[in-house]
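Trainee: Before we start, here is the structure in question, set down as structure tokens.
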Amino acid sequence: MSESTVARSDLADPATRQALMAGVDATPGSAKPDSILVVDNIVRQFGGMTAVDVSHLEVQRGIITALIGPNGAGKTTFFNLITGFDKPSSAKTGAHWSFDGATLDKTSASSVAKAGMVRTFQLTKALSRMTVMDNMMLGAQGQAGENLLKCVFKPLWSGQERAIEEKAKELLQRFKLLEKKDDYAGSLSGGQRKLLEMARALMSDPKMIMLDEPMAGVNPALTQSLLGHIQSLRDDGTTVLFVEHDMHVVRHISDWVAVMAEGRLVAEGPADTVMSDTAVIDAYLGAHHDTDLGDDALLSDQAMVEIQQEVAAEEAEREEEA
Amino acid sequence: MDTIQAILNSMLREAISPQTAAVAIAAIGLNVHFGFTGLLNIGQSGFMLLGAYGFAISIGHGLPLIVGVLLGFAAALVFALVLGAPTLKLRGDYLAIVTISAAEIIRYVGRSALLTDFTGAAQGLQGVSYRTPFTNLSFFGDGDSTLSPFNIYDIAGGAVWVRLVGWIALAACIAGIVLLVKAGRARPTVARRASRDAGGRLTPAAGTESRADLGADARQVTAVSAPVRRTGIGVLVALSVFLLFFLMPTSYQDTGVSGWWVRFVAWLLVAVCLLVVYLLVRSPWGRLLRGIREDEDAIRSLGKNVFAIKMQALIIGGLFGALGGMLYVLPASVQPDSMGRSLTFFCYTALLLGGAATIFGPVLGAVIFYAARIMIKGVANAYIPDSIMNGQQTEQFSFIVVGVALMLIVIFRPQGILGNKRELRFNV
Amino acid sequence: MWRAPPPGPLDCRAAPAGCVEEVPLKSRPTVREIGGEGGALRGVAGAVVLLLLAPLMLLATAPPAGAVGTLCLPSATTACIAGTVRSDAGVVPNVKLTVTDPSGTAQEVVTGDDGRWNVQVSKEGAYKVALQEDTLPDNVAVSGANEVTVQAKFNATAPALIPVRTSTYVSSTSKVDELIQSSASGLRLGLLLALASIGLSLIYGTTGLSNFAHAEQVTLGGILGYFVVNVHGLNLWLGGLLVIVLCGFTGWFQDRVMWQPLRRRGLGLTQLMIVTIGLSLAMQYTFQYTVGARTVRVVQDNPTVRTIGPITLTNQSFVAMGISIVVIAAVGFALLRTRIGRATRAVSDNPALAAASGIDVDRVIRLVWTVAMALAGLSGLLYALVTNGIKWDSGLQILLLLFAAVTLGGLGTAFGALVGSLIIGLVVELSPVLGMPGDFKYATALLILILLLLVRPQGLLGRPERVG
């Protein structure tokens, strides 16, 4: 268990969260009671194609917000744009960010991270040829030893270095990676690397953490563990925004959902409302999203007959057209 | 036997020459660029040439020695800024092309007849025009000295058995060094097939090395502790150096144009540079460099200003290059044509041979590089008749070998002699 | 007639590295036909030749320039003043010059058979050097001032240049004519560069490798041409074909024996790049080992010059340009219209996707290497013919121009390489006419490259991918 003294925020209580979000309009781009991130007019064009065109989005502080949508909806591009890894085409014409009250003028990736908004990557960027410990130590911000002029004199930074090392060990302990601390990050399994990236992102005590498909390629057991970690992040007061495809995960932990399609924000709301919007369902979640397609019981005899009839009808249609 | 002795003698002389030290320092700079930060700088000779010009021109115009050195550094600093500003935001290939072009431009400018008054055009600057303040600093006096004064000829007049004993002792020392270095290779443990016991603690699988302390820092898996090992290596190195000079006494002037004084200063500077690099690399700044080499985007996402750090690395490596350039021209003359692209390639060969991203790699690589080249030349000259390979051709042959050696090193042993294999599968 | 370059800043004393007679055994001067045919001498073209053939002394132990067999050696107490009297027609022996020291004392000196003269002086300061015009042969005259002032310094040799010209030298060329001539030379250089750089760009596009040994492949074409045509006496056209085939074979061989296995092994691009650097070094010195450090020619007789309007170039230049255009057009057609050409472009664009579409990527890459090296060899052969000589280190200068061209046009696109090469060729040839000092011709091209990278890193025709 973490020994950090971060107070559990009020929003750790699900009832409080629900009450908070109940009053929010379930429309795309709606205002939130206490936004930590506000973005305006983010447009990204590639050649003639518009990949992202979000006119307004606000992210509520202290809760878990999910960003969903079909493949090609522009979620990762949008992510890259608001974390400074890509430059919007509208950069000079009205694109606007505001994080925690301050305007992010130059959204270079590093200034975004310094402002307190840290992200992880879909394809984990664990620094494989460095040790786990080194990875963690790099996560800490404001290190005196990273200054070229000071780094030569060890006494100027050794104290801070020790403190950072302690913190890193705590976080590694929390994510159950402590035994691996001297191994090369490249020797970790995929899931462990995801944990490492998350732990590393936490080294700087970010106000908001943005996770790009955290469950991608992760086995079910580790998924549970990751969910637990994400929830505890929220409980400690960090805002979480994550992109995800897995609807179960989304439904399970998100307090708010934003839906993107074809570069635009098309819906927002709590998980159930958004998902019961028929148009959203049919277009993006699939008509049988409620059905567990892994359930063999569905293949009852009657269902088989129905399927055969459907197939025959389609073939007849095709022959007619031919 | 005598030919072999002669070849060995010339190898030793070449190994301690100030030129070797200069290339060692330039390779140290290149190590900061390429080994630690992953910057593909193929214009190190440009930094060296600028350092040499800055130094020589200032002193030639009467400025004091220290000002000359500082101006050489300043030139390299400006060069780094000019090169880095546009290219450090781009892909590695672009930096390679720009640095190689910029180094050529420096050479063209230096060679140009327009600046003859300053740079001496293609003839360059004679050593004597800038060497005096340096030689004036010498406290070695004006004689000749032999290293070592107590040498093989003092024991039984240099009989064969003395030589044999000496060489065997030397071989033993070197073997000892190699063993100690290998033993101390820090091997961060890879996830082994470990099992969990009932209490959930990890136990090593049968047959794997036992860890010194389960769950704690398992870095040292050796029987010999680090300080003992390091003193052992130090002692053996000192003994080997003594034996080398014992077996092959070398004479030079004490000061002179290219005597012991310049060698002393050169190798002292090499030691200083090694110390500086060690301090830099083991610090958090050094850790940042390695992180940037790994994955810039990840480092950016952690809030670090990657561009500024790359620029700092470029400047530091460039300053080392400038110092190397100054040392390179001290015993000789500033000749733009002899400090061109081939010199950069020699620096790379020295670096990769010794081991990129290690502290001692560049120095070891430079020494072995120069000594080996002399050996090839010497052997070819002595044993291959002139009809097959004449004197000039042996020189060229030695360069061909350098080129092929560079290829082979990079293909088969990219970590060089001292490098860490896992750390060095470099992919840009 | 191929003309010797006029005495420029690269007079031997000022730039002994440009005068090959300097260091014995290292190189021999090329036999350039000297004759006064009508037509304006294009100083620019001559300077190109001189620069391209300037031996770059890369031997670390190169002694400082000095011993030419002249009597004057500067030391701590003496200075030298020296020069060569040379006209567009050649060196002028037996010309008297008067050297006057600051205090007014004069001494006389006569040029030797090689047109050279030198004096040793024991005082530093400003010396006047005056050429006695009545000692010049009848058809030679001073082309500017007959007197020049130089600063003598201890430990150095001060060059004194007094340009002379034959009377048939027509210097009143209009700027436009000069521009047209330079453009033609630029076009020629650009086409030759294009032949080589298309291959370089395609190799980059399909494998991601920046091939630093490419320029040595170009030199290989010239050197093989020397062996096949000059030494063994084969007919130029047949020999040329043989050279191209041999060079193509080296490309095929390289990929088969080295690049493909290394790719399969998963060697990183940086490592491969360093392998090409090593290869370039080994090839350069192999050339020097076999041929020596001198400039060698493919065709022993001297080329005839043809004048079309304001443009004067050798016949070989015109033919070379014609061949280049035809070959480039053929390559372009192949890339656009044939299946294998489209496959090549697909691989260049996205190897993984191309492989997934069923294209045999390895086969395409093998073909690219073969064709690229064949083109490079052709380029080298034509280069050797056009500049009337090739040397072991000709590649050094070409390499940077090639990279500049490819980067300018856009790394990875063949058409970009063509456009970039033409631009670089024109820049190199036109910059002296437009005012850049002759020494800096190549520097200009490189400078343009660096500036372009600031503004448009993907080059002119490259795709604006994220290069950062």
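Please note that chains go A, B, ... in the order of the structure tokens, that every chain numbers its residues from 1, and that ligands are numbered from 1 in the order shown.
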Any chance you could tabulate, as a tab-separated table, the residues of chain A at most 6 Å from chain B with each one's nearest atom pair and distance in Å to one decimal, using only C-alpha atoms, in chain and rising number order?

Mentor:
```
residue	atom	partner	partner_atom	distance
A:Ala109	CA	B:Arg300	CA	5.8
A:Ser110	CA	B:Gly303	CA	3.9
A:Ala113	CA	B:Gly303	CA	4.5
A:Lys114	CA	B:Gly303	CA	4.8
A:Lys125	CA	B:Ala298	CA	5.9
A:Leu127	CA	B:Glu294	CA	5.8
A:Arg129	CA	B:Glu423	CA	5.4
A:Gly139	CA	B:Leu302	CA	5.7
A:Gly145	CA	B:Pro284	CA	5.0
A:Glu146	CA	B:Trp285	CA	4.1
A:Cys151	CA	B:Ser283	CA	5.7
A:Val152	CA	B:Leu279	CA	5.3
A:Glu179	CA	B:Gly215	CA	5.4
A:Asp182	CA	B:Pro188	CA	5.6
A:Asp183	CA	B:Pro188	CA	5.3
```

Trainee: Among the residues of segment 193-392 of chain C, find those DSSP assigns to strand (DSSP E or B) from the backbone and print them as a list in words.

Mentor: Val296, Val305, Arg306, Thr307, Ile308, Ile311, Thr312, Leu313, Thr314 and Ile390 of chain C

Trainee: Give me, as a PyMOL selection string, the residues of segment 161-231 of chain C that a backbone DSSP run labels alpha helix (DSSP H).

Mentor: chain C and resi 175-207+214-225

Trainee: At most 12 Å is the cut-off: for each residue in chain A with any atom that close to an atom of chain C, write down the nearest atom pair and the distance in Å rounded to one decimal, counting only C-alpha atoms, chain first then increasing number, as a Markdown table.

Mentor:
```
| residue | atom | partner | partner_atom | distance |
| --- | --- | --- | --- | --- |
| A:Phe46 | CA | C:Pro464 | CA | 9.5 |
| A:Gly47 | CA | C:Pro464 | CA | 9.4 |
| A:Phe85 | CA | C:Gly468 | CA | 10.1 |
| A:Asp86 | CA | C:Arg466 | CA | 8.9 |
| A:Lys87 | CA | C:Arg466 | CA | 10.3 |
```

Trainee: Mind dumping the selected residues with N, CA and C atoms as a PDB file, in the first residue's frame?

Mentor:
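Result saved to out-v3.pdb:
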```pdb
ATOM      1  N   PHE A  46      -4.703  16.842 -42.670  1.00  0.00           N
ATOM      2  CA  PHE A  46      -3.596  16.193 -43.373  1.00  0.00           C
ATOM      3  C   PHE A  46      -3.908  16.257 -44.848  1.00  0.00           C
ATOM      4  N   GLY A  47      -3.191  17.098 -45.574  1.00  0.00           N
ATOM      5  CA  GLY A  47      -3.518  17.226 -46.991  1.00  0.00           C
ATOM      6  C   GLY A  47      -4.945  17.730 -47.104  1.00  0.00           C
ATOM      7  N   PHE A  85       2.206  16.825 -28.885  1.00  0.00           N
ATOM      8  CA  PHE A  85       3.001  15.985 -29.782  1.00  0.00           C
ATOM      9  C   PHE A  85       2.673  16.224 -31.234  1.00  0.00           C
ATOM     10  N   ASP A  86       1.725  17.082 -31.471  1.00  0.00           N
ATOM     11  CA  ASP A  86       1.406  17.419 -32.842  1.00  0.00           C
ATOM     12  C   ASP A  86       0.898  18.846 -32.821  1.00  0.00           C
ATOM     13  N   LYS A  87       1.010  19.507 -33.970  1.00  0.00           N
ATOM     14  CA  LYS A  87       0.613  20.907 -33.999  1.00  0.00           C
ATOM     15  C   LYS A  87      -0.678  21.036 -34.778  1.00  0.00           C
TER      16      LYS A  87
END
```

Trainee: Should the cut-off be 8 Å, what would the residue list for chain B against chain C look like, counting only C-alpha atoms, as a PyMOL selection string?

Mentor: chain B and resi 86-87+89-91+93+97-98+100-102+104-105+108-109+111-113+116+121-124+126+333+335+337-340+342+345+393+396-397+399-408+410-411+414+425-428

Trainee: How many Å lie between atom CA of Arg366 of chain C and atom CA of Asn350 of chain C, rounded to one decimal?

Mentor: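 According to the coordinates, atom CA of Arg366 of chain C and atom CA of Asn350 of chain C are separated by 16.6 Å.
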
Trainee: Within 12 Å of Asp34 of chain A, counting only C-alpha atoms, which residues show up once you throw out same-chain ones fewer than 5 positions away? Write them as a PDB file with N, CA and C atoms, in the first residue's frame, please.

Mentor:
```
ATOM      1  N   LEU A  20     -22.220  15.098  -8.704  1.00  0.00           N
ATOM      2  CA  LEU A  20     -21.535  16.170  -9.416  1.00  0.00           C
ATOM      3  C   LEU A  20     -21.867  16.158 -10.894  1.00  0.00           C
ATOM      4  N   MET A  21     -21.789  14.972 -11.480  1.00  0.00           N
ATOM      5  CA  MET A  21     -21.964  14.909 -12.928  1.00  0.00           C
ATOM      6  C   MET A  21     -23.424  14.898 -13.327  1.00  0.00           C
ATOM      7  N   VAL A  24     -24.609  17.990 -15.095  1.00  0.00           N
ATOM      8  CA  VAL A  24     -23.941  18.437 -16.322  1.00  0.00           C
ATOM      9  C   VAL A  24     -24.759  18.026 -17.538  1.00  0.00           C
ATOM     10  N   GLU A  58     -14.520  20.301 -22.580  1.00  0.00           N
ATOM     11  CA  GLU A  58     -14.040  20.570 -21.224  1.00  0.00           C
ATOM     12  C   GLU A  58     -13.936  19.251 -20.482  1.00  0.00           C
ATOM     13  N   VAL A  59     -12.910  19.118 -19.678  1.00  0.00           N
ATOM     14  CA  VAL A  59     -12.705  17.904 -18.899  1.00  0.00           C
ATOM     15  C   VAL A  59     -12.826  18.261 -17.420  1.00  0.00           C
ATOM     16  N   GLN A  60     -13.686  17.547 -16.739  1.00  0.00           N
ATOM     17  CA  GLN A  60     -13.931  17.841 -15.321  1.00  0.00           C
ATOM     18  C   GLN A  60     -12.754  17.355 -14.485  1.00  0.00           C
ATOM     19  N   ARG A  61     -12.439  18.159 -13.494  1.00  0.00           N
ATOM     20  CA  ARG A  61     -11.329  17.833 -12.599  1.00  0.00           C
ATOM     21  C   ARG A  61     -11.707  16.655 -11.711  1.00  0.00           C
ATOM     22  N   GLY A  62     -10.761  15.801 -11.455  1.00  0.00           N
ATOM     23  CA  GLY A  62     -10.906  14.804 -10.405  1.00  0.00           C
ATOM     24  C   GLY A  62     -11.705  13.564 -10.743  1.00  0.00           C
ATOM     25  N   ILE A  63     -12.199  13.464 -11.968  1.00  0.00           N
ATOM     26  CA  ILE A  63     -12.952  12.244 -12.300  1.00  0.00           C
ATOM     27  C   ILE A  63     -12.241  11.526 -13.440  1.00  0.00           C
ATOM     28  N   PHE A  99      -5.253  25.024 -19.172  1.00  0.00           N
ATOM     29  CA  PHE A  99      -5.075  23.921 -18.244  1.00  0.00           C
ATOM     30  C   PHE A  99      -4.972  24.468 -16.844  1.00  0.00           C
ATOM     31  N   ASP A 100      -5.859  24.013 -15.982  1.00  0.00           N
ATOM     32  CA  ASP A 100      -5.831  24.402 -14.578  1.00  0.00           C
ATOM     33  C   ASP A 100      -5.802  25.921 -14.445  1.00  0.00           C
ATOM     34  N   GLY A 101      -6.582  26.581 -15.279  1.00  0.00           N
ATOM     35  CA  GLY A 101      -6.662  28.022 -15.187  1.00  0.00           C
ATOM     36  C   GLY A 101      -5.645  28.771 -16.009  1.00  0.00           C
ATOM     37  N   THR A 239      -6.816  13.813 -12.043  1.00  0.00           N
ATOM     38  CA  THR A 239      -7.824  13.683 -13.098  1.00  0.00           C
ATOM     39  C   THR A 239      -7.314  12.681 -14.120  1.00  0.00           C
TER      40      THR A 239
END
```

Trainee: Quick one, how far is atom CA of Phe150 of chain B from atom CA of Asp254 of chain B?

Mentor: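 Answer for the atom CA of Phe150 of chain B to atom CA of Asp254 of chain B separation: 17.1 Å.
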
Trainee: Applying 12 Å and only C-alpha atoms, which residues near Gly365 of chain B remain after dropping the ones on its own chain fewer than 2 positions away? List them as an MDAnalysis selection string.

Mentor: chainID B and resid 15 20:21 23:28 31 346:356 358:363 367:373 406 409 415:419

Trainee: Using only C-alpha atoms, determine which residues lie at most 8 Å from segment 106-121 of chain C, disregarding the query and same-chain residues fewer than 2 positions distant; provide the list as a compact mmCIF listing (two decimals) with C-alpha atoms, in the first residue's frame.

Mentor:
```txt
# COMPACT_ATOMS: atom_id res chain seq x y z
CA THR C 70 62.62 26.22 -55.71
CA LEU C 71 65.36 27.88 -53.85
CA CYS C 72 63.33 29.90 -51.45
CA LEU C 73 62.38 28.38 -48.13
CA PRO C 74 60.91 30.70 -45.57
CA THR C 78 63.54 35.13 -44.00
CA ALA C 79 60.43 35.52 -46.03
CA CYS C 80 59.65 34.48 -49.56
CA ILE C 81 57.75 36.08 -52.36
CA ALA C 82 56.86 33.92 -55.30
CA GLY C 83 54.56 33.54 -58.24
CA THR C 84 53.92 31.94 -61.58
CA VAL C 85 53.43 33.81 -64.81
CA ARG C 86 50.82 31.97 -66.73
CA VAL C 91 53.19 29.16 -68.59
CA VAL C 92 55.40 31.96 -69.78
CA PRO C 93 59.11 31.45 -69.21
CA ASN C 94 61.88 34.00 -69.30
CA VAL C 95 59.83 36.91 -68.11
CA LYS C 96 61.59 39.46 -65.95
CA LEU C 97 60.06 40.87 -62.80
CA THR C 98 61.32 43.54 -60.48
CA VAL C 99 60.82 43.18 -56.73
CA THR C 100 61.26 46.38 -54.76
CA ASP C 101 61.55 46.35 -50.99
CA GLY C 104 63.45 51.13 -52.41
CA LYS C 123 62.88 42.01 -44.12
CA GLU C 124 59.19 41.91 -43.50
CA ALA C 152 56.24 39.65 -46.88
```

Trainee: Tell me which of C:Gly144, C:Gly222, C:Gly251, C:Pro310 sits closest to Val371 of chain C, counting only C-alpha atoms.

Mentor: C:Gly251

Trainee: Could you jot down the atom CA of Phe415 of chain C to atom CA of Val368 of chain C separation for me, Å, one decimal place?

Mentor: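 Taking atom CA of Phe415 of chain C and atom CA of Val368 of chain C, their separation equals 15.0 Å.
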
Trainee: Within 12 Å of Arg251 of chain A, counting only C-alpha atoms, which residues show up once you throw out same-chain ones fewer than 5 positions away? Write them as a list of chain:residue names, please.

Mentor: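 Within the cut-off, the hits are A:Ile64, A:Thr65, A:Ala66, A:Leu67, A:Ile68, A:Leu227, A:Glu244, A:His245, A:Asp246, A:Trp256, A:Val257, A:Gly269, A:Pro270, A:Ala271, A:Asp272, A:Thr273, A:Val274, A:Met275, A:Ser276.
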
Trainee: Please save N, CA and C atoms of the selected residues as a short mmCIF file (atom, residue, chain, number, x, y, z; two decimals), in the first residue's frame.

Mentor:
```cif
data_model
loop_
_atom_site.label_atom_id
_atom_site.label_comp_id
_atom_site.auth_asym_id
_atom_site.auth_seq_id
_atom_site.Cartn_x
_atom_site.Cartn_y
_atom_site.Cartn_z
N ILE A 64 -12.80 10.37 -13.78
CA ILE A 64 -12.24 9.61 -14.91
C ILE A 64 -13.12 9.85 -16.12
N THR A 65 -12.53 10.42 -17.14
CA THR A 65 -13.27 10.66 -18.38
C THR A 65 -12.72 9.73 -19.45
N ALA A 66 -13.64 9.10 -20.20
CA ALA A 66 -13.21 8.20 -21.27
C ALA A 66 -13.47 8.87 -22.61
N LEU A 67 -12.59 8.66 -23.55
CA LEU A 67 -12.76 9.18 -24.90
C LEU A 67 -12.88 7.97 -25.81
N ILE A 68 -14.06 7.78 -26.36
CA ILE A 68 -14.24 6.59 -27.18
C ILE A 68 -14.64 6.98 -28.60
N LEU A 227 -7.11 -1.43 -13.89
CA LEU A 227 -8.33 -0.69 -13.51
C LEU A 227 -8.22 -0.21 -12.08
N GLU A 244 -10.09 4.58 -24.99
CA GLU A 244 -10.23 3.12 -24.86
C GLU A 244 -11.22 2.59 -25.86
N HIS A 245 -11.07 1.33 -26.19
CA HIS A 245 -11.99 0.64 -27.08
C HIS A 245 -12.87 -0.33 -26.33
N ASP A 246 -12.35 -0.83 -25.25
CA ASP A 246 -13.05 -1.90 -24.53
C ASP A 246 -14.23 -1.31 -23.75
N TRP A 256 -17.48 9.75 -16.88
CA TRP A 256 -17.99 10.58 -17.96
C TRP A 256 -17.42 10.05 -19.26
N VAL A 257 -18.19 10.10 -20.31
CA VAL A 257 -17.73 9.58 -21.59
C VAL A 257 -17.89 10.63 -22.66
N GLY A 269 -21.58 12.38 -22.05
CA GLY A 269 -22.55 12.03 -21.01
C GLY A 269 -22.01 10.93 -20.13
N PRO A 270 -22.77 10.59 -19.09
CA PRO A 270 -22.35 9.44 -18.29
C PRO A 270 -22.46 8.17 -19.13
N ALA A 271 -21.73 7.15 -18.73
CA ALA A 271 -21.56 5.97 -19.58
C ALA A 271 -22.89 5.38 -20.06
N ASP A 272 -23.85 5.19 -19.14
CA ASP A 272 -25.10 4.52 -19.57
C ASP A 272 -25.89 5.39 -20.55
N THR A 273 -25.99 6.68 -20.27
CA THR A 273 -26.79 7.54 -21.16
C THR A 273 -26.22 7.53 -22.56
N VAL A 274 -24.91 7.74 -22.61
CA VAL A 274 -24.28 7.78 -23.93
C VAL A 274 -24.53 6.48 -24.66
N MET A 275 -24.40 5.43 -23.92
CA MET A 275 -24.52 4.14 -24.59
C MET A 275 -25.95 3.76 -24.90
N SER A 276 -26.92 4.43 -24.29
CA SER A 276 -28.28 4.09 -24.67
C SER A 276 -28.81 5.02 -25.75
#
```

Trainee: Just the residues within 6 Å of Val38 of chain A, please, counting only C-alpha atoms, with nothing from its chain fewer than 6 positions along; format it as a PyMOL selection string.

Mentor: chain A and resi 57-58+97-98

Trainee: With N, CA and C atoms retained, export the selected residues as a PDB file, in the first residue's frame.

Mentor:
```pdb
ATOM      1  N   LEU A  57     -14.219  21.426 -25.868  1.00  0.00           N
ATOM      2  CA  LEU A  57     -14.282  20.272 -24.968  1.00  0.00           C
ATOM      3  C   LEU A  57     -13.783  20.699 -23.594  1.00  0.00           C
ATOM      4  N   GLU A  58     -14.520  20.301 -22.580  1.00  0.00           N
ATOM      5  CA  GLU A  58     -14.040  20.570 -21.224  1.00  0.00           C
ATOM      6  C   GLU A  58     -13.936  19.251 -20.482  1.00  0.00           C
ATOM      7  N   TRP A  97      -5.981  26.494 -25.591  1.00  0.00           N
ATOM      8  CA  TRP A  97      -5.981  25.522 -24.507  1.00  0.00           C
ATOM      9  C   TRP A  97      -5.991  26.269 -23.205  1.00  0.00           C
ATOM     10  N   SER A  98      -6.571  25.676 -22.226  1.00  0.00           N
ATOM     11  CA  SER A  98      -6.344  26.240 -20.917  1.00  0.00           C
ATOM     12  C   SER A  98      -6.290  25.080 -19.958  1.00  0.00           C
TER      13      SER A  98
END
```
